[in-house]
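Trainee: There's a structure below that I have some questions on.
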Amino acid sequence: MLKKLSALLLILSIGIVSAFAADSALYVKEKTHNFGTIREADGPVRCEFILQNNGDKPLVIVSAKAQCGCTTPSIPKQPIRPGETAALTVTYDPAGRPGEFEKTIRVRTNRKGDNALLKIKGTVLPKSTQEKMKILHLLTLAAVTLSAGAGASAQPKAKWLDTTHSFGAFDEDLGNVTTYFKVVNTGDKPLNILSVRASCGCTSPSYSRKPVAPGDTGQVAVTYNPAGRPGKFDKKVKVETNADPAVTTLTIKGVVIGDRQTLRAHYPVEVGFLKLKNTVVQFGEVTKGRTKTAFLDGYNQSSDTIHPSISGLPPYIVADIAPRAVPPGEQVTFTLFFDSSKAKDQWGLSTSQATISPDPLSSLVKEVSLVAIVNEDFSKLTPQQREKAPKAAYSTSSIDLGRIQRGKVAHAELTVDNYGKSPLIIRRASCPEDFVKVKCGKEKINPGSQAKITVTVDTGKMPADSGLVNSRLSVITNDPSRPSSPIRIVGELTD
């Protein structure tokens with residue numbers, strides 16, 4: 001019997017997984033990452049592959065396996081929701097592996113056959129070579145010092161023709177873009193480029209290993225990968241030479257005009273030419289008396305500058321928009337501040353709405369929800385104060401309305417007792433459904449006293465296909481040991 005049950009559970013689980021994966025679709029725009037030249041002495045390097053779910057069901061990354069222990073992939077912990085993206089991180093350890101490398105990572109999902117093969121590659125500069133370069137650098141400096149002592153000043157001098165390059169605005173579909181930084185050796189000793197390091201994996205530098213003779217020109221090529229990175233960018237590349245100063249910082253910048261697929265993944269909500277990341281701003285838990293900050297990102301997909309606006313905010317939430325004028329292809333951030341000291345009647349779950357528009361004069365608008373959970377601050381109570389605090393007790397944890405004829409109104413009562421030593425304050429008693437009304441007999445309950453909370457359910461306002469009442473009444477009080485109490489409201493509708 002046990003074997004049959006195990007077999008049945010296995011069949012059911014396979015069926016569930018198959019159904020769950022039926023419409024998943026893994027999309028990876030850039031399946032190869034080139035680290036360029038890295039130094040063994042700098043230790044492990046990392047890069048990210050952006051995984052996108054183009055299906056209409058959650059996509060689970062089951063595993064990612066590399067071909068050797070030098071390569072360590074890290075998969076997303078949570079399923080990727082339809083239209084969204086997640087990062088798969090790959091770490092490569094160059095220790096004891098000089099020279100060129102190319103490694104593969106096999107990614108498996110919960111969709112049969114919907115897998116991916118990713119690659120990383122690059123060149124490891126061995127420690128011995130680096131040590132030789134350092135010795136050469138030290139010898140060069142020593143020679144310069146000796147020459148200086150003898151009245152000479154022979155040394156390499158690096159004169160960069162430019163240290164900043166702007167790619168301007170370009171389409172993501174254009175692919176990788178490259179620029180070349182030129183350096184002239186204006187000294188009278190060879191100039192050696194010892195190393196070039198980028199600030200992130202999206203930027204790949206390369207350079208010539210040959211010394212630059214006095215009067216000659218060397219170059220550093222810097223390539224930027226815009227895949228999955230819409231908006232403005234500003235990246236740094238540090239170049240180390242045997243000249244003085246030894247380190248020069250090069251900068252590349254520009255604006256990536258995202259393609260439709262990338263924008264849909266990163267900014268799925270459209271408000272005319274303004275695209276938003278989502279329509280819900282979550283502040284999380286906010287302690288009463290404090291301010292919490294949340295962010296909502298947007299993107300200008302038009303060819304003109306837009307001036308986004310937000311209106312309809314409650315008095316306890318203010319917003320800042322940066323930048324006020326958003327150029328084509330650039331991002332905008334709505335920074336919202338929830339000041340709970342001004343939200344006097346807000347306790348527990350607090351929801352409000354605001355309206356966002358791509359321009360103050362535009363008729364195109366999108367409503368966004370602002371959600372927070374406001375908690376009372378009990379952190380400063382002493383043990384003596386907690387001992388004297390109010391304590392709430394409820395007559396039931398579940399209100400059963402029984403069988404209710406559809407279209408009728410049902411009533412029920414909940415008793416709240418205060419068996420503490422201080423007055424119990426009912427901060428809020430509410431239910432999220434509009435067909436449930438809640439009324440408190442009194443908000444302040446003295447020690448040893450009780451109060452009634454009346455619940456009214458109007459089944460005529462419930463959806464026509466509803467067969468059950470299944471709601472939750474939330475009661476918020478100043479009881480530090482039990483500030484929030486959920487009470488279930490259940491019932492069965494009959495015709």
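For the structure tokens, the naming scheme is as follows: chains receive sequential letters (A, B, ...) according to their order of presentation, residues are indexed from 1 within each chain, and ligands are indexed from 1 in presentation order.
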Considering only C-alpha atoms, return as a list in words whatever protein or nucleic-acid residues lie within 8 Å of stretch 321-335 of chain A, sequence-local ones (same chain, fewer than 3 positions apart) excluded.
Mentor: Ala169, Pro230, Gly231, Lys232, Val255, Val256, Ile257, Gly258, Thr293, Ala294, Phe295, Leu296, Asp297, Gly298, Tyr299, Asn300, Gln301, Ser302, Ser303, Asp304, Thr305, Ile306, His307, Pro308 and Ser309 of chain A
Trainee: Excluding same-chain residues fewer than 2 positions from A:Leu88, what lies within 10 Å of it counting only C-alpha atoms, as a list of chain:residue names?
Mentor: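 Contacts, with the query itself left out: A:Cys47, A:Glu48, A:Phe49, A:Ile50, A:Leu51, A:Ile61, A:Ala64, A:Pro73, A:Ser74, A:Ile75, A:Pro76, A:Lys77, A:Thr85, A:Ala86, A:Val90, A:Val107.
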Trainee: What parts of stretch 290-481 of chain A does DSSP call alpha helix (DSSP H)? I'd like the answer as a list in words.
Mentor: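 The residues of stretch 290-481 of chain A classed as alpha helix (DSSP H) are Pro383, Gln384, Gln385, Arg386 and Glu387 of chain A.
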Trainee: Hey, can you spit out that residue selection with all heavy atoms as a short mmCIF file (atom, residue, chain, number, x, y, z; two decimals), in the first residue's frame?
Mentor:
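Result saved to selection.cif:
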```
data_model
loop_
_atom_site.label_atom_id
_atom_site.label_comp_id
_atom_site.auth_asym_id
_atom_site.auth_seq_id
_atom_site.Cartn_x
_atom_site.Cartn_y
_atom_site.Cartn_z
N PRO A 383 11.00 46.97 31.63
CA PRO A 383 10.29 45.78 32.13
C PRO A 383 9.13 46.14 33.05
O PRO A 383 8.09 45.47 33.04
CB PRO A 383 11.40 45.01 32.88
CG PRO A 383 12.66 45.43 32.20
CD PRO A 383 12.45 46.86 31.82
N GLN A 384 9.30 47.19 33.85
CA GLN A 384 8.21 47.61 34.75
C GLN A 384 7.01 48.13 33.96
O GLN A 384 5.85 47.85 34.31
CB GLN A 384 8.72 48.70 35.71
CG GLN A 384 9.77 48.23 36.72
CD GLN A 384 11.15 48.08 36.10
OE1 GLN A 384 11.41 48.56 34.99
NE2 GLN A 384 12.06 47.40 36.82
N GLN A 385 7.28 48.88 32.88
CA GLN A 385 6.19 49.39 32.05
C GLN A 385 5.47 48.26 31.32
O GLN A 385 4.24 48.30 31.17
CB GLN A 385 6.74 50.42 31.06
CG GLN A 385 7.17 51.73 31.69
CD GLN A 385 7.85 52.65 30.70
OE1 GLN A 385 8.61 52.20 29.83
NE2 GLN A 385 7.62 53.95 30.84
N ARG A 386 6.22 47.27 30.89
CA ARG A 386 5.59 46.12 30.23
C ARG A 386 4.71 45.34 31.22
O ARG A 386 3.66 44.82 30.85
CB ARG A 386 6.65 45.20 29.64
CG ARG A 386 7.31 45.77 28.38
CD ARG A 386 8.30 44.79 27.77
NE ARG A 386 8.88 45.32 26.54
CZ ARG A 386 8.33 45.17 25.33
NH1 ARG A 386 7.20 44.49 25.21
NH2 ARG A 386 8.91 45.69 24.27
N GLU A 387 5.17 45.28 32.45
CA GLU A 387 4.38 44.58 33.48
C GLU A 387 3.04 45.28 33.71
O GLU A 387 2.02 44.63 33.98
CB GLU A 387 5.19 44.52 34.78
CG GLU A 387 4.47 43.88 35.94
CD GLU A 387 4.17 42.40 35.70
OE1 GLU A 387 4.90 41.75 34.93
OE2 GLU A 387 3.18 41.91 36.29
#
```
Trainee: In Å, rounded to a single decimal, give me how far atom CA of A:Pro447 is from atom CA of A:Glu413.
Mentor: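 If I compute the distance from atom CA of A:Glu413 to atom CA of A:Pro447, I get 20.6 Å.
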Trainee: Which neighbours of A:His266 fall inside 9 Å, counting only C-alpha atoms, when residues of the same chain fewer than 6 positions from it are skipped, and could you give them as a PyMOL selection string?
Mentor: chain A and resi 83-85+228+230+276-277
Trainee: Select, from A:Lys380, A:Arg229, A:His33, A:Lys288, the residue with the minimum atom-to-atom distance to A:Ile120, counting only C-alpha atoms.
Mentor: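 For A:Ile120, the nearest of the given residues is A:His33.
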Trainee: Taking into account only C-alpha atoms, which residue in the set A:Glu285, A:Glu443, A:Asp114, A:Asp495 is nearest to A:Ala464?
Mentor: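 Closest to A:Ala464 of all the choices is A:Asp495.
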Trainee: If I take atom CA of A:Val247 and atom CA of A:Pro44, how far is one from the other in Å, to one decimal?
Mentor: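 Separation of atom CA of A:Val247 and atom CA of A:Pro44: 21.9 Å.
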Trainee: Kindly indicate which residue among A:Ser63, A:Ser485, A:Asn34, A:Thr72 lies nearest to A:Thr123, using only C-alpha atoms for the distances.
Mentor: A:Asn34
Trainee: Would you give me, as a ChimeraX atom specification, the residues in stretch 193-286 of chain A that DSSP reads as strand (DSSP E)?
Mentor: /A:193-198,203-207,217-224,231-241,247-257,269-271,274-276,280-286
Trainee: What is the atom CA of A:Phe233 to atom CA of A:Leu250 distance in Å?
Mentor: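 About the pair atom CA of A:Phe233 and atom CA of A:Leu250: they are 13.9 Å apart.
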